[in-house]
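J.: mmCIF, C-alpha atoms and all ligand atoms, saved as data.cif, coming up:
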```
data_final
#
loop_
_atom_site.label_atom_id
_atom_site.label_comp_id
_atom_site.auth_asym_id
_atom_site.auth_seq_id
_atom_site.Cartn_x
_atom_site.Cartn_y
_atom_site.Cartn_z
CA MET D 1161 -14.63 36.26 29.98
CA THR D 1162 -13.00 35.40 26.68
CA SER D 1163 -13.51 38.07 24.03
CA PRO D 1164 -14.84 36.93 20.66
CA SER D 1165 -11.56 37.91 19.01
CA THR D 1166 -9.45 35.86 21.48
CA ASN D 1167 -11.91 33.05 21.05
CA ASN D 1168 -11.46 33.16 17.29
CA ALA D 1169 -7.71 33.25 17.59
CA THR D 1170 -7.64 30.13 19.79
CA ARG D 1171 -10.30 28.19 17.92
CA PRO D 1172 -8.72 25.30 15.96
CA SER D 1173 -9.03 25.49 12.19
CA PRO D 1174 -11.35 23.01 10.44
CA ALA D 1175 -8.24 21.19 9.19
CA ALA D 1176 -6.90 20.89 12.75
CA ILE D 1177 -10.28 19.59 13.98
CA ALA D 1178 -10.37 17.02 11.18
CA SER D 1179 -6.81 16.01 11.95
CA SER D 1180 -7.41 15.63 15.70
CA LYS D 1181 -10.57 13.61 15.05
CA ALA D 1182 -8.52 11.39 12.77
CA HIS D 1183 -6.04 10.82 15.59
CA HIS D 1184 -8.80 9.73 17.97
CA ARG D 1185 -10.00 6.95 15.68
CA THR D 1186 -8.53 3.49 16.02
CA ALA D 1187 -6.49 3.62 12.86
CA PRO D 1188 -5.09 0.43 11.37
CA HIS D 1189 -1.38 0.16 12.11
CA HIS D 1190 -0.79 -1.32 8.66
CA MET D 1191 -3.09 -0.67 5.72
CA ALA D 1192 -2.53 -2.56 2.47
CA ILE D 1193 -4.26 -1.44 -0.72
CA ILE D 1194 -5.07 -3.19 -3.98
CA MET D 1195 -5.19 -0.17 -6.28
CA ASP D 1196 -7.79 -1.49 -8.72
CA GLY D 1197 -9.85 0.34 -11.35
CA ASN D 1198 -7.29 2.50 -13.14
CA GLY D 1199 -8.24 0.95 -16.50
CA ARG D 1200 -11.96 1.51 -15.92
CA TRP D 1201 -11.32 5.07 -14.79
CA ALA D 1202 -9.55 5.74 -18.11
CA GLU D 1203 -12.08 3.87 -20.24
CA GLU D 1204 -14.96 5.82 -18.69
CA ARG D 1205 -13.22 8.99 -19.94
CA GLY D 1206 -12.29 7.67 -23.38
CA LEU D 1207 -8.61 7.70 -22.42
CA PRO D 1208 -5.93 5.03 -22.93
CA ARG D 1209 -5.41 2.72 -19.95
CA SER D 1210 -1.95 4.22 -19.41
CA GLU D 1211 -3.67 7.49 -18.48
CA GLY D 1212 -5.61 5.60 -15.83
CA HIS D 1213 -2.35 4.37 -14.33
CA ARG D 1214 -0.98 7.92 -14.40
CA ALA D 1215 -4.11 9.16 -12.60
CA GLY D 1216 -3.55 6.28 -10.17
CA TYR D 1217 -0.01 7.43 -9.51
CA GLU D 1218 -1.19 11.00 -8.97
CA ASN D 1219 -3.62 9.79 -6.33
CA ILE D 1220 -0.96 8.08 -4.22
CA ARG D 1221 0.61 11.10 -2.53
CA GLY D 1222 -2.67 12.45 -1.15
CA VAL D 1223 -3.75 9.03 0.10
CA VAL D 1224 -0.47 8.39 1.88
CA GLU D 1225 -0.56 11.84 3.49
CA GLN D 1226 -4.15 11.38 4.65
CA LEU D 1227 -3.39 7.94 6.08
CA GLY D 1228 -0.30 9.28 7.83
CA ARG D 1229 -2.40 12.03 9.47
CA ALA D 1230 -4.91 9.38 10.55
CA GLY D 1231 -2.18 7.49 12.40
CA VAL D 1232 -1.46 4.67 9.94
CA ARG D 1233 2.21 3.68 10.24
CA TYR D 1234 2.60 1.20 7.37
CA VAL D 1235 1.02 1.49 3.93
CA THR D 1236 1.51 -1.24 1.34
CA LEU D 1237 0.46 -0.56 -2.25
CA PHE D 1238 -0.07 -3.38 -4.74
CA ALA D 1239 1.28 -1.74 -7.89
CA PHE D 1240 2.19 -4.68 -10.14
CA SER D 1241 1.49 -8.37 -9.68
CA THR D 1242 3.36 -11.42 -10.95
CA GLU D 1243 0.33 -11.95 -13.23
CA ASN D 1244 0.35 -8.40 -14.63
CA TRP D 1245 3.18 -9.37 -17.02
CA ASP D 1246 0.44 -11.05 -19.08
CA ARG D 1247 -1.14 -7.71 -19.96
CA PRO D 1248 -0.53 -6.17 -23.42
CA SER D 1249 3.13 -5.22 -23.75
CA GLU D 1250 2.38 -1.48 -24.21
CA GLU D 1251 0.51 -1.46 -20.91
CA VAL D 1252 3.31 -3.31 -19.11
CA SER D 1253 5.87 -0.87 -20.57
CA SER D 1254 3.78 2.11 -19.50
CA ILE D 1255 3.55 0.82 -15.91
CA LEU D 1256 7.30 0.11 -15.76
CA ALA D 1257 8.06 3.61 -17.10
CA LEU D 1258 5.65 5.12 -14.60
CA ALA D 1259 7.29 3.21 -11.75
CA SER D 1260 10.66 4.72 -12.73
CA GLU D 1261 9.09 8.16 -12.84
CA VAL D 1262 7.44 7.67 -9.43
CA ILE D 1263 10.80 6.81 -7.86
CA LYS D 1264 12.66 9.66 -9.59
CA VAL D 1265 10.05 12.29 -8.75
CA GLU D 1266 8.88 11.21 -5.29
CA THR D 1267 11.86 9.71 -3.43
CA LYS D 1268 13.50 12.97 -2.30
CA GLU D 1269 10.26 14.39 -0.93
CA LEU D 1270 9.36 11.12 0.81
CA HIS D 1271 12.84 11.10 2.36
CA ARG D 1272 12.34 14.70 3.53
CA LYS D 1273 9.10 13.56 5.18
CA ASN D 1274 10.97 10.81 7.02
CA VAL D 1275 9.19 8.04 5.05
CA ARG D 1276 10.92 4.69 4.70
CA ILE D 1277 10.49 3.10 1.28
CA LEU D 1278 10.42 -0.68 0.93
CA HIS D 1279 9.98 -2.86 -2.14
CA VAL D 1280 8.43 -6.30 -1.88
CA GLY D 1281 8.45 -8.54 -4.92
CA ARG D 1282 10.85 -9.87 -7.50
CA SER D 1283 13.53 -7.53 -8.82
CA ASP D 1284 15.24 -9.80 -11.32
CA ARG D 1285 12.64 -9.34 -14.09
CA LEU D 1286 12.59 -5.54 -13.85
CA PRO D 1287 14.65 -3.30 -16.17
CA ALA D 1288 18.18 -2.83 -14.77
CA GLU D 1289 17.67 0.92 -14.32
CA LEU D 1290 14.48 0.42 -12.33
CA GLN D 1291 16.23 -2.19 -10.17
CA SER D 1292 18.98 0.24 -9.24
CA GLU D 1293 16.51 3.09 -8.63
CA ILE D 1294 14.63 0.84 -6.22
CA VAL D 1295 17.83 -0.13 -4.38
CA GLN D 1296 18.88 3.54 -4.12
CA ALA D 1297 15.47 4.65 -2.80
CA MET D 1298 15.52 1.90 -0.16
CA GLU D 1299 19.12 2.71 0.83
CA LEU D 1300 18.43 6.44 1.09
CA THR D 1301 15.38 6.00 3.32
CA ARG D 1302 16.48 2.93 5.30
CA GLU D 1303 16.93 4.76 8.61
CA ASN D 1304 13.75 6.86 8.37
CA THR D 1305 11.45 6.51 11.34
CA GLY D 1306 8.16 7.86 9.99
CA LEU D 1307 5.59 6.02 7.91
CA THR D 1308 6.81 2.96 6.00
CA LEU D 1309 5.65 2.92 2.39
CA CYS D 1310 5.92 -0.56 1.01
CA VAL D 1311 5.46 -1.00 -2.73
CA ALA D 1312 4.52 -4.47 -3.94
CA PHE D 1313 5.88 -4.62 -7.48
CA ASP D 1314 6.23 -7.85 -9.42
CA TYR D 1315 4.78 -9.33 -6.25
CA GLY D 1316 2.73 -12.50 -5.91
CA GLY D 1317 1.78 -14.20 -2.65
CA ARG D 1318 2.20 -17.72 -4.01
CA THR D 1319 5.65 -16.98 -5.44
CA GLU D 1320 6.64 -15.50 -2.11
CA ILE D 1321 5.46 -18.60 -0.20
CA VAL D 1322 7.21 -20.97 -2.61
CA GLN D 1323 10.41 -18.93 -2.22
CA ALA D 1324 10.19 -19.20 1.58
CA VAL D 1325 9.70 -22.97 1.35
CA ARG D 1326 12.71 -23.24 -0.96
CA SER D 1327 14.92 -21.33 1.46
CA ILE D 1328 13.85 -23.61 4.32
CA VAL D 1329 14.66 -26.70 2.24
CA GLU D 1330 17.98 -25.28 1.04
CA GLU D 1331 18.99 -24.43 4.61
CA GLY D 1332 18.05 -27.93 5.73
CA LEU D 1333 15.95 -26.58 8.61
CA PRO D 1334 14.83 -29.47 10.89
CA SER D 1335 11.05 -29.94 10.68
CA GLU D 1336 10.51 -29.03 14.36
CA GLU D 1337 12.08 -25.66 13.60
CA VAL D 1338 9.59 -24.94 10.83
CA THR D 1339 7.19 -22.71 12.73
CA GLU D 1340 4.89 -19.84 11.84
CA GLU D 1341 7.61 -17.47 13.07
CA SER D 1342 10.51 -19.08 11.21
CA PHE D 1343 8.38 -19.29 8.06
CA ALA D 1344 7.28 -15.64 8.27
CA SER D 1345 10.89 -14.59 8.78
CA ARG D 1346 11.62 -15.91 5.29
CA LEU D 1347 8.87 -13.91 3.61
CA LEU D 1348 9.55 -10.65 1.77
CA THR D 1349 7.50 -8.82 4.39
CA ARG D 1350 9.68 -9.96 7.31
CA GLU D 1351 10.45 -6.34 8.27
CA ILE D 1352 6.82 -5.23 8.54
CA PRO D 1353 3.82 -6.29 10.60
CA ASP D 1354 0.85 -8.12 9.07
CA PRO D 1355 -1.79 -5.83 7.58
CA ASP D 1356 -4.73 -4.89 9.79
CA LEU D 1357 -6.86 -3.70 6.91
CA ILE D 1358 -6.77 -4.63 3.23
CA ILE D 1359 -8.63 -2.29 0.92
CA ARG D 1360 -9.46 -3.09 -2.66
CA THR D 1361 -10.78 -0.27 -4.79
CA GLY D 1362 -12.82 -0.71 -7.97
CA GLY D 1363 -15.68 -2.43 -6.12
CA GLU D 1364 -14.15 -5.91 -6.32
CA PHE D 1365 -13.92 -8.46 -3.50
CA ARG D 1366 -10.92 -10.55 -4.56
CA ILE D 1367 -7.55 -10.89 -2.85
CA SER D 1368 -5.77 -11.63 -6.19
CA ASN D 1369 -2.61 -13.25 -4.80
CA PHE D 1370 -1.88 -10.33 -2.46
CA LEU D 1371 -0.30 -10.96 0.97
CA LEU D 1372 -1.81 -14.45 1.18
CA TRP D 1373 0.01 -15.50 4.34
CA GLN D 1374 0.00 -12.07 5.97
CA SER D 1375 -3.73 -11.44 5.47
CA ALA D 1376 -4.81 -14.29 7.80
CA TYR D 1377 -6.54 -11.90 10.23
CA ALA D 1378 -6.77 -8.73 8.18
CA GLU D 1379 -10.08 -6.95 7.87
CA PHE D 1380 -11.18 -6.58 4.25
CA TYR D 1381 -12.86 -3.51 2.78
CA SER D 1382 -14.05 -3.07 -0.79
CA ALA D 1383 -14.28 0.57 -1.88
CA PRO D 1384 -16.93 1.19 -4.53
CA VAL D 1385 -14.77 3.65 -6.49
CA ASN D 1386 -11.85 3.30 -8.86
CA TRP D 1387 -8.40 3.92 -7.41
CA PRO D 1388 -7.91 7.43 -8.88
CA ASP D 1389 -11.11 8.48 -7.05
CA PHE D 1390 -10.26 6.90 -3.71
CA LYS D 1391 -9.56 9.99 -1.61
CA ASP D 1392 -10.88 12.32 1.14
CA SER D 1393 -14.29 11.17 2.41
CA ARG D 1394 -13.88 7.78 0.70
CA ILE D 1395 -10.80 7.16 2.82
CA ASP D 1396 -12.59 8.43 5.94
CA CYS D 1397 -15.44 5.96 5.23
CA ALA D 1398 -12.95 3.07 5.07
CA LEU D 1399 -11.25 4.17 8.30
CA ASP D 1400 -14.62 4.62 10.05
CA GLU D 1401 -15.77 1.18 8.94
CA TYR D 1402 -12.50 -0.33 10.20
CA GLY D 1403 -13.02 1.46 13.53
CA ARG D 1404 -16.43 -0.26 13.87
CA ARG D 1405 -15.12 -3.75 13.18
CA GLU D 1406 -14.74 -6.10 16.11
CA ARG D 1407 -11.50 -8.02 15.66
CA ARG D 1408 -11.49 -11.27 17.59
CA PHE D 1409 -8.56 -13.15 16.02
CA GLY D 1410 -10.45 -16.42 16.40
CA ARG D 1411 -11.30 -15.85 20.07
CA VAL D 1412 -14.68 -15.05 21.65
CA ARG D 1413 -15.42 -11.74 23.28
C1 LIG C 1501 -4.89 -1.97 -11.39
O1 LIG C 1501 -5.92 -1.36 -12.15
C2 LIG C 1501 -3.67 -1.14 -11.41
C3 LIG C 1501 -2.43 -1.56 -11.82
C4 LIG C 1501 -2.19 -2.93 -12.30
C5 LIG C 1501 -1.27 -0.63 -11.86
C6 LIG C 1501 -1.12 0.31 -10.69
C7 LIG C 1501 0.03 1.20 -10.93
C8 LIG C 1501 0.12 2.50 -10.53
C9 LIG C 1501 -0.94 3.17 -9.76
C10 LIG C 1501 1.31 3.34 -10.91
C11 LIG C 1501 2.62 2.87 -10.39
C12 LIG C 1501 2.75 3.11 -8.94
C13 LIG C 1501 3.83 2.82 -8.19
C14 LIG C 1501 3.76 3.07 -6.72
C15 LIG C 1501 5.07 2.22 -8.72
P1 LIG C 1501 -6.48 -2.10 -13.45
O2 LIG C 1501 -5.62 -1.72 -14.60
O3 LIG C 1501 -6.56 -3.57 -13.18
O4 LIG C 1501 -7.90 -1.48 -13.58
P2 LIG C 1501 -9.20 -2.19 -14.26
O5 LIG C 1501 -9.58 -3.33 -13.34
O6 LIG C 1501 -10.20 -1.10 -14.27
O7 LIG C 1501 -8.80 -2.64 -15.63
#
```
Any chance you could put this one into structure tokens?
Ligand code: FPP
T.:
Amino acid sequence: MTSPSTNNATRPSPAAIASSKAHHRTAPHHMAIIMDGNGRWAEERGLPRSEGHRAGYENIRGVVEQLGRAGVRYVTLFAFSTENWDRPSEEVSSILALASEVIKVETKELHRKNVRILHVGRSDRLPAELQSEIVQAMELTRENTGLTLCVAFDYGGRTEIVQAVRSIVEEGLPSEEVTEESFASRLLTREIPDPDLIIRTGGEFRISNFLLWQSAYAEFYSAPVNWPDFKDSRIDCALDEYGRRERRFGRVR
């Protein structure tokens, strides 16, 4: 008979139980997140919006770690859209500065954790220093085989689609060779699978020009909390809800 002490020694810790439960769920292979509500989070606390973005940044590491433990292999974060340039210049500057800080502070640790970093979006309008930091982070982590963290920055789905059409026209591709596959291979996301689950925080239900082509069969989930508060049980709720969805991809069951 097992003695109580042996029993205690072999009993998994609560963290291990939580982690093993997470592994038994059907986790989305690729989760894409519209990190909305940073401004509201700040305003509710009487803080400048830039503090909301900083709180948003500080939430990212925990979310990515939790998703990794749950079995998610690709995480795409919508950090700055092609339309966000129209925000007040101080806010745009604060997000650009924060993006530089994120790369400087986080890249080494992400590399140590075998995370591959990808950028999707335009680079040409970003400050030169940020452009080179992005290139260096992608180069450093290119061969990593763990989770892929894809950051959509100066990204817009329509711009991406127009760019793909342009490249097809410029290459003179015969019309019969314009297929879903050849088109998708000209999108910025060509290296990653389509998202299985798109989450928008901040309680909104809009896609806002995010992964327009790629989201064709994604499940959508709106989280009723602002991005800086999307953590722990809120993430579990989203994963549980995804696990209950029946995905038919246009077929019948
Ligand atoms: C949307 O909230 C959030 C943004 C436009 C910026 C998100 C940026 C970060 C979290 C930091 C940078 C991160 C990386 C990975 C480079 P909102 O301002 O629209 O919120 P609101 O709807 O409440 O106004």
J.: Give me, as a VMD selection string, all polymer residues having an atom no more than 12 Å from stretch 1396-1402 of chain D, counting all atoms listed in the file and skipping those fewer than 2 positions away in the same chain.
T.: chain D and resid 1178 to 1179 1181 to 1191 1193 1223 1226 to 1227 1229 to 1232 1356 to 1361 1378 to 1385 1390 to 1394 1404 to 1407
J.: Could you report the residues within 9 Å of ligand LIG 1501 (chain C), using all atoms listed in the file, as a VMD selection string?
T.: chain D and resid 1194 to 1203 1209 to 1210 1212 to 1220 1237 to 1241 1244 1251 to 1252 1255 to 1263 1310 to 1313 1361 to 1362 1364 1386 to 1388
J.: Keeping C-alpha atoms for every residue in the selection just given, could you write it to a file as a PDB file, keeping the file's coordinate frame?
T.:
```
ATOM      1  CA  ILE D1194      -5.070  -3.190  -3.980  1.00  0.00           C
ATOM      2  CA  MET D1195      -5.190  -0.170  -6.280  1.00  0.00           C
ATOM      3  CA  ASP D1196      -7.790  -1.490  -8.720  1.00  0.00           C
ATOM      4  CA  GLY D1197      -9.850   0.340 -11.350  1.00  0.00           C
ATOM      5  CA  ASN D1198      -7.290   2.500 -13.140  1.00  0.00           C
ATOM      6  CA  GLY D1199      -8.240   0.950 -16.500  1.00  0.00           C
ATOM      7  CA  ARG D1200     -11.960   1.510 -15.920  1.00  0.00           C
ATOM      8  CA  TRP D1201     -11.320   5.070 -14.790  1.00  0.00           C
ATOM      9  CA  ALA D1202      -9.550   5.740 -18.110  1.00  0.00           C
ATOM     10  CA  GLU D1203     -12.080   3.870 -20.240  1.00  0.00           C
ATOM     11  CA  ARG D1209      -5.410   2.720 -19.950  1.00  0.00           C
ATOM     12  CA  SER D1210      -1.950   4.220 -19.410  1.00  0.00           C
ATOM     13  CA  GLY D1212      -5.610   5.600 -15.830  1.00  0.00           C
ATOM     14  CA  HIS D1213      -2.350   4.370 -14.330  1.00  0.00           C
ATOM     15  CA  ARG D1214      -0.980   7.920 -14.400  1.00  0.00           C
ATOM     16  CA  ALA D1215      -4.110   9.160 -12.600  1.00  0.00           C
ATOM     17  CA  GLY D1216      -3.550   6.280 -10.170  1.00  0.00           C
ATOM     18  CA  TYR D1217      -0.010   7.430  -9.510  1.00  0.00           C
ATOM     19  CA  GLU D1218      -1.190  11.000  -8.970  1.00  0.00           C
ATOM     20  CA  ASN D1219      -3.620   9.790  -6.330  1.00  0.00           C
ATOM     21  CA  ILE D1220      -0.960   8.080  -4.220  1.00  0.00           C
ATOM     22  CA  LEU D1237       0.460  -0.560  -2.250  1.00  0.00           C
ATOM     23  CA  PHE D1238      -0.070  -3.380  -4.740  1.00  0.00           C
ATOM     24  CA  ALA D1239       1.280  -1.740  -7.890  1.00  0.00           C
ATOM     25  CA  PHE D1240       2.190  -4.680 -10.140  1.00  0.00           C
ATOM     26  CA  SER D1241       1.490  -8.370  -9.680  1.00  0.00           C
ATOM     27  CA  ASN D1244       0.350  -8.400 -14.630  1.00  0.00           C
ATOM     28  CA  GLU D1251       0.510  -1.460 -20.910  1.00  0.00           C
ATOM     29  CA  VAL D1252       3.310  -3.310 -19.110  1.00  0.00           C
ATOM     30  CA  ILE D1255       3.550   0.820 -15.910  1.00  0.00           C
ATOM     31  CA  LEU D1256       7.300   0.110 -15.760  1.00  0.00           C
ATOM     32  CA  ALA D1257       8.060   3.610 -17.100  1.00  0.00           C
ATOM     33  CA  LEU D1258       5.650   5.120 -14.600  1.00  0.00           C
ATOM     34  CA  ALA D1259       7.290   3.210 -11.750  1.00  0.00           C
ATOM     35  CA  SER D1260      10.660   4.720 -12.730  1.00  0.00           C
ATOM     36  CA  GLU D1261       9.090   8.160 -12.840  1.00  0.00           C
ATOM     37  CA  VAL D1262       7.440   7.670  -9.430  1.00  0.00           C
ATOM     38  CA  ILE D1263      10.800   6.810  -7.860  1.00  0.00           C
ATOM     39  CA  CYS D1310       5.920  -0.560   1.010  1.00  0.00           C
ATOM     40  CA  VAL D1311       5.460  -1.000  -2.730  1.00  0.00           C
ATOM     41  CA  ALA D1312       4.520  -4.470  -3.940  1.00  0.00           C
ATOM     42  CA  PHE D1313       5.880  -4.620  -7.480  1.00  0.00           C
ATOM     43  CA  THR D1361     -10.780  -0.270  -4.790  1.00  0.00           C
ATOM     44  CA  GLY D1362     -12.820  -0.710  -7.970  1.00  0.00           C
ATOM     45  CA  GLU D1364     -14.150  -5.910  -6.320  1.00  0.00           C
ATOM     46  CA  ASN D1386     -11.850   3.300  -8.860  1.00  0.00           C
ATOM     47  CA  TRP D1387      -8.400   3.920  -7.410  1.00  0.00           C
ATOM     48  CA  PRO D1388      -7.910   7.430  -8.880  1.00  0.00           C
TER      49      PRO D1388
END
```
J.: Considering all atoms listed in the file, can you say which of D:Ser1254, D:Thr1242, D:Ser1283, D:Thr1301 comes closest to D:Glu1269?
T.: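 Smallest distance to D:Glu1269 is found for D:Thr1301.
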J.: Determine, counting only C-alpha atoms, which protein, DNA and RNA residues have an atom within 9 Å of an atom of D:Ile1321; residues of the same chain fewer than 6 positions away are not included. Present the result as a list in words.
T.: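 Once the adjacent positions are removed, what remains is Phe1343, Arg1346, Leu1347, Leu1372 and Trp1373 of chain D.
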J.: Any chance you could export the current selection's C-alpha atoms as a PDB file, in the coordinates of the input?
T.:
```pdb
ATOM      1  CA  PHE D1343       8.380 -19.290   8.060  1.00  0.00           C
ATOM      2  CA  ARG D1346      11.620 -15.910   5.290  1.00  0.00           C
ATOM      3  CA  LEU D1347       8.870 -13.910   3.610  1.00  0.00           C
ATOM      4  CA  LEU D1372      -1.810 -14.450   1.180  1.00  0.00           C
ATOM      5  CA  TRP D1373       0.010 -15.500   4.340  1.00  0.00           C
TER       6      TRP D1373
END
```
J.: Pick the closest to D:Ser1375 from D:Phe1409, D:Ile1328, D:Ser1345, D:Gly1228: which is it, counting only C-alpha atoms?
T.: D:Phe1409
J.: Identify which of the residues D:His1271, D:Arg1247, D:Arg1276, D:Arg1205 lies closest to D:Val1235, counting all atoms listed in the file when measuring atom-to-atom distances.
T.: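 Of the candidates, the smallest distance to D:Val1235 is held by D:Arg1276.
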J.: Could you work out how far atom CA of D:Ile1277 lies from atom CA of D:Leu1309, giving the answer in Å with one decimal?
T.: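 So the two atoms, atom CA of D:Leu1309 and atom CA of D:Ile1277, lie 5.0 Å apart.
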J.: Could you work out an axis-aligned bounding box for all listed atoms of stretch 1277-1281 of chain D, with 5 Å added on each of the six sides, and give its centre and edge lengths in Å to one decimal, as lines of an AutoDock Vina configuration file?
T.:
```
center_x = 9.5
center_y = -2.7
center_z = -1.8
size_x = 12.1
size_y = 21.6
size_z = 16.2
```
J.: From the options D:Gln1296, D:Thr1308, D:Asn1369, D:Thr1339, which residue's atoms come nearest to D:Thr1267, counting all atoms listed in the file?
T.: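 Ranked by minimum distance to D:Thr1267, first place goes to D:Gln1296.
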